[in-house]
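Right, one structure below, let's go through it.
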Amino acid sequence: MERQMTVLTDVALITCIVQRGRGDTVVQAAQEAGAHGATVYFAKGAGIRDRLGILGVAIEVEKEIVNVVCATDQVTRVFERMYLAGELDAPGMGFMYVTPLDKAATYVPEEVVQKYASRKGGRRG
Amino acid sequence: MEDHKIRYGDYLKEVGFHRQELSYNDLNRYYSLKKAGRRWLANPMSKEWLMAFFRLFVPYLKNKTLEQIRCVMPLVLALFGFQLLILRIPPEQSLGLAGGVFLVIFGLTLFLDGLRHGLMPLGEQIGNLLPTKATLFMVLGVAMILGLVVTFAEPSIGAMQSVGASGGGGASDFALRLLLDYPGWLTLAVALGVGLAASLGVIKSVYSIKLKLIVPLLTMPLLLLSTRLNEDGEFAKVIGLAFDCGAATTGPVTVPILLSLGVGMSAAVGRQTSAFSGFGLVTLAALMPVITVLLAALFVYHQIPASDQTLEAVAEVSGSALLSGIVGALRAILPLILLLLILLRWLTGKNLPKQGFYRYGFVLSLIGLAFLNLGLSYGLIPLGAEVGQKISATFTRIDSIIHSPIYSSTVGIFMTLAFAFLLGFGSAMAEPALNTLGRTVEDLSTGAIASKTLVYAVAVGVGTGFVIGMSQILWQRVFFHDFAIIYCLAILLTVVSREEFVQVAWDSGVVTTGPVTVPLILALGLGFSQSLGSSSAFGMVALTSLCPVISVLATGLYSSRVRVQSDGGK
């Protein structure tokens with residue numbers, strides 16, 4: 001069988017930086033809000049603790065970075081859920097942003113490709 | 001009919017929660033206009049500050065305390081449970097003991113957090129800067145001095161002394177006399193050993209010498225020396241003490257400082273590619289003091305004629321324990337802080353950056369250590385000693401317990417050993433350094449060595465070591481004979497294992513014998529040996545630090561064999 005690639009459009013990347021150990025709740029919230037998956041990696045942060053004075057002691061320098069790729073239609077909802085789950089409305093808890101993505105690609109089930117690729121004028125890679 | 005279309009995203013935007021927009025440019029402008037500058041929540045009495053306090057600080061404190069309680073609780077329950085259920089005696093002054101245990105938990109929590117914010121980042125920074133600013137000789141010198149000072153700050157050595165003092169029965173015992181009458185000599189010898197180890201560690205990371213090579217090279221002569229000394233009856237006990245000292249030194253102050261220094265240093269100099277090159281330093285710090293203590297003991301032994309003094313100044317434990325706890329903490333931490341600050345000043349020409357955090361860390365570790373000292377002398381040590389004295393009631397007659405022996409000899413001994421295993425296991429799990437190490441190892445090996453696997457392997461090792469130690473007292477075996485055999489086994493496993501496992505295994509064995517394990521095991525062992533009229537319990541700590549090495553190495557060998565097999569199957 002000939003191999004083919006389906007390029008996904010209308011995707012966005014949500015990046016959420018939280019303290020070490022809090023990534024899982026954020027990922028869970030993203031998934032409940034409709035995101036398919038997430039990638040978590042470790043990092044080290046700087047800056048925010050100095051701003052908080054003595055309260056900064058409670059902030060972990062070690063961070064987790066959660067990457068979630070989702071459809072542009074979902075992005076607001078997922079973004080919101082992740083914000084609430086990560087308690088980003090408290091000082092020092094984290095930071096998050098959305099990056100528009102040009103395109104993405106992964107495994108797409110054949111039936112989905114069949115249905116939609118033909119409708120949009122047969123843009124099959 | 002035409003469809004009326006709304007984007008789903010727009011719909012969600014409308015029904016979503018309250019949201020407003022702010023330009024980052026505006027935010028930035030606001031802070032650059034304000035002279036006070038970069039601080040948020042500058043007014044600590046404002047409503048916003050209080051809100052932040054409750055949302056940040058309270059859960060933070062709760063987590064930290066819960067973590068400690070989770071670690072220590074099984075151990076305490078085992079101790080109390082043993083007294084209540086098996087010996088069927090209510091623990092005397094149980095309220096006071098519980099208070100002491102609580103103090104230990106509280107003190108450890110504060111102390112560790114203080115270290116994390118104060119001494120550890122400072123050590124790492126110095127370790128990073130040192131190689132770039134100084135020659136190798138200067139680095140060696142600094143490492144030496146740091147090793148010396150760190151040892152004086154180490155609470156585990158003090159704990160050993162106070163345990164020895166509280167249980168100091170056999171006055172003619174040379175090992176006990178060394179511990180009590182010549183504490184200065186002993187501490188100095190240990191400090192010298194740690195200092196040497198720190199310098200050696202620098203050399204190791206600069207020339208990337210493998211631990212696999214160093215350990216056999218260092219331990220072989222050590223074993224030979226011990227074998228030679230073991231022939232002298234008096235000296236046989238000092239061997240146990242020396243190995244105990246080595247294992248006990250590497251406690252809650254030494255390990256993080258040495259580790260942070262080593263990690264910083266090897267990042268700056270080391271040619272090793274392995275992420276683990278910062279490891280191994282701690283192992284050296286446990287091996288070198290054994291040699292120096294043995295030598296010091298030889299020296300002292302020839303200085304004093306035998307039996308010119310009896311032990312009279314045993315234990316001024318009482319008095320003002322609170323004051324002595326605080327003074328002890330001050331004496332331990334202050335020189336270390338000063339040294340690190342002077343070093344930093346010398347290296348960078350600047351004072352502390354981010355002063356608030358460091359200061360918070362220093363103060364916290366001081367307070368924590370004071371509480372820890374207090375809790376140890378009121379809680380864990382008496383509790384351990386009490387249980388140790390009564391544990392033999394399960395199989396022999398003890399005057400203080402009415403219906404002893406409670407069980408038949410075989411059942412009683414089995415119960416004792418089972419309890420020893422549980423206790424060793426529990427105290428290893430309670431050891432904060434072990435959990436830290438487990439997490440570090442998991443991070444560095446990117447999950448190849450799971451934290452849980454390591455912690456359990458170590459805990460099993462500690463339990464086994466404790467059982468062996470207890471059985472030695474029980475059957476009056478010579479410490480060194482068994483010890484030498486186990487040591488040889490460890491060296492053998494070291495030679496055949498991979499370098500990463502070697503480093504992790506030795507370090508984890510050494511690290512585990514910290515502020516919870518050492519006093520508890522020593523107190524219990526001493527109490528146990530006294531109740532049986534046995535000679536001494538030295539060597540116990542050394543055994544509990546050696547057995548985990550074997551268990552971790554064995555786990556490593558097993559898991560890599562399994563991996564090879566499953567790879568071959570594909």
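Labels used: A, B, ... for chains in the order of the structure tokens, numbers from 1 for residues in each chain, and numbers from 1 for ligands as shown.
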Chain A residues within 9 Å of chain B, counting only C-alpha atoms: which ones, as a list in words?
Asp50, Arg51, Leu52, Gly53, Ile54, Leu55, Gly56, Val57, Ala58, Ile59, Thr72, Asp73, Gln74, Val75, Thr76, Arg77, Glu80, Ala90, Pro91, Gly92 and Met93 of chain A
Which is closest to B:Phe466 among B:Phe538, B:Phe421, B:Tyr378, B:Phe501, if we use only C-alpha atoms?
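Of the candidates, the smallest distance to B:Phe466 is held by B:Phe421.
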Under the rule that only C-alpha atoms are counted, which of B:Val458, B:Leu532, B:Val511, B:Ala248 is the nearest residue to B:Ser551?
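Of the candidates, the smallest distance to B:Ser551 is held by B:Val458.
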Could you pull out the alpha helix (DSSP H) residues of stretch 31-93 of chain A from DSSP and send them as a list in words?
Gln31, Glu32, Ile48, Arg49, Asp50, Arg51, Val75, Thr76, Arg77, Val78, Phe79, Glu80, Arg81, Met82, Tyr83, Leu84 and Ala85 of chain A
Please provide the set of residues having any atom within 7 Å of stretch 45-48 of chain A, restricted to only C-alpha atoms, with same-chain residues fewer than 6 positions apart removed, written as a list in words.
Val61, Glu62, Lys63 and Gly92 of chain A
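If you measure from each of A:Ala30, A:Val98, A:Ala38, A:Ala104 to A:Val7 using only C-alpha atoms, the closest one turns out to be A:Ala104.
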Find, counting only C-alpha atoms, the residue in B:Ile145, B:Ser46, B:Ala523, B:Val190 that gets nearest to B:Gly379.
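The closest residue to B:Gly379 is B:Ala523.
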Please extract the residues of chain A with a backbone DSSP assignment of strand (DSSP E or B) and present them as JSON, numbers by chain.
{"A": [7, 8, 11, 12, 13, 14, 15, 16, 17, 18, 19, 39, 40, 41, 42, 43, 44, 62, 63, 64, 65, 66, 67, 68, 69, 70, 71, 94, 95, 96, 97, 98, 99, 100, 101, 104, 105]}
Set the distance at 8 Å and use only C-alpha atoms: which residues neighbour stretch 13-27 of chain A once local chain neighbours fewer than 2 positions away are removed? I'd like the list as a PyMOL selection string.
chain A and resi 11+29-31+37-38+40+42+59-70+75+79+82-83+85-86+93-101
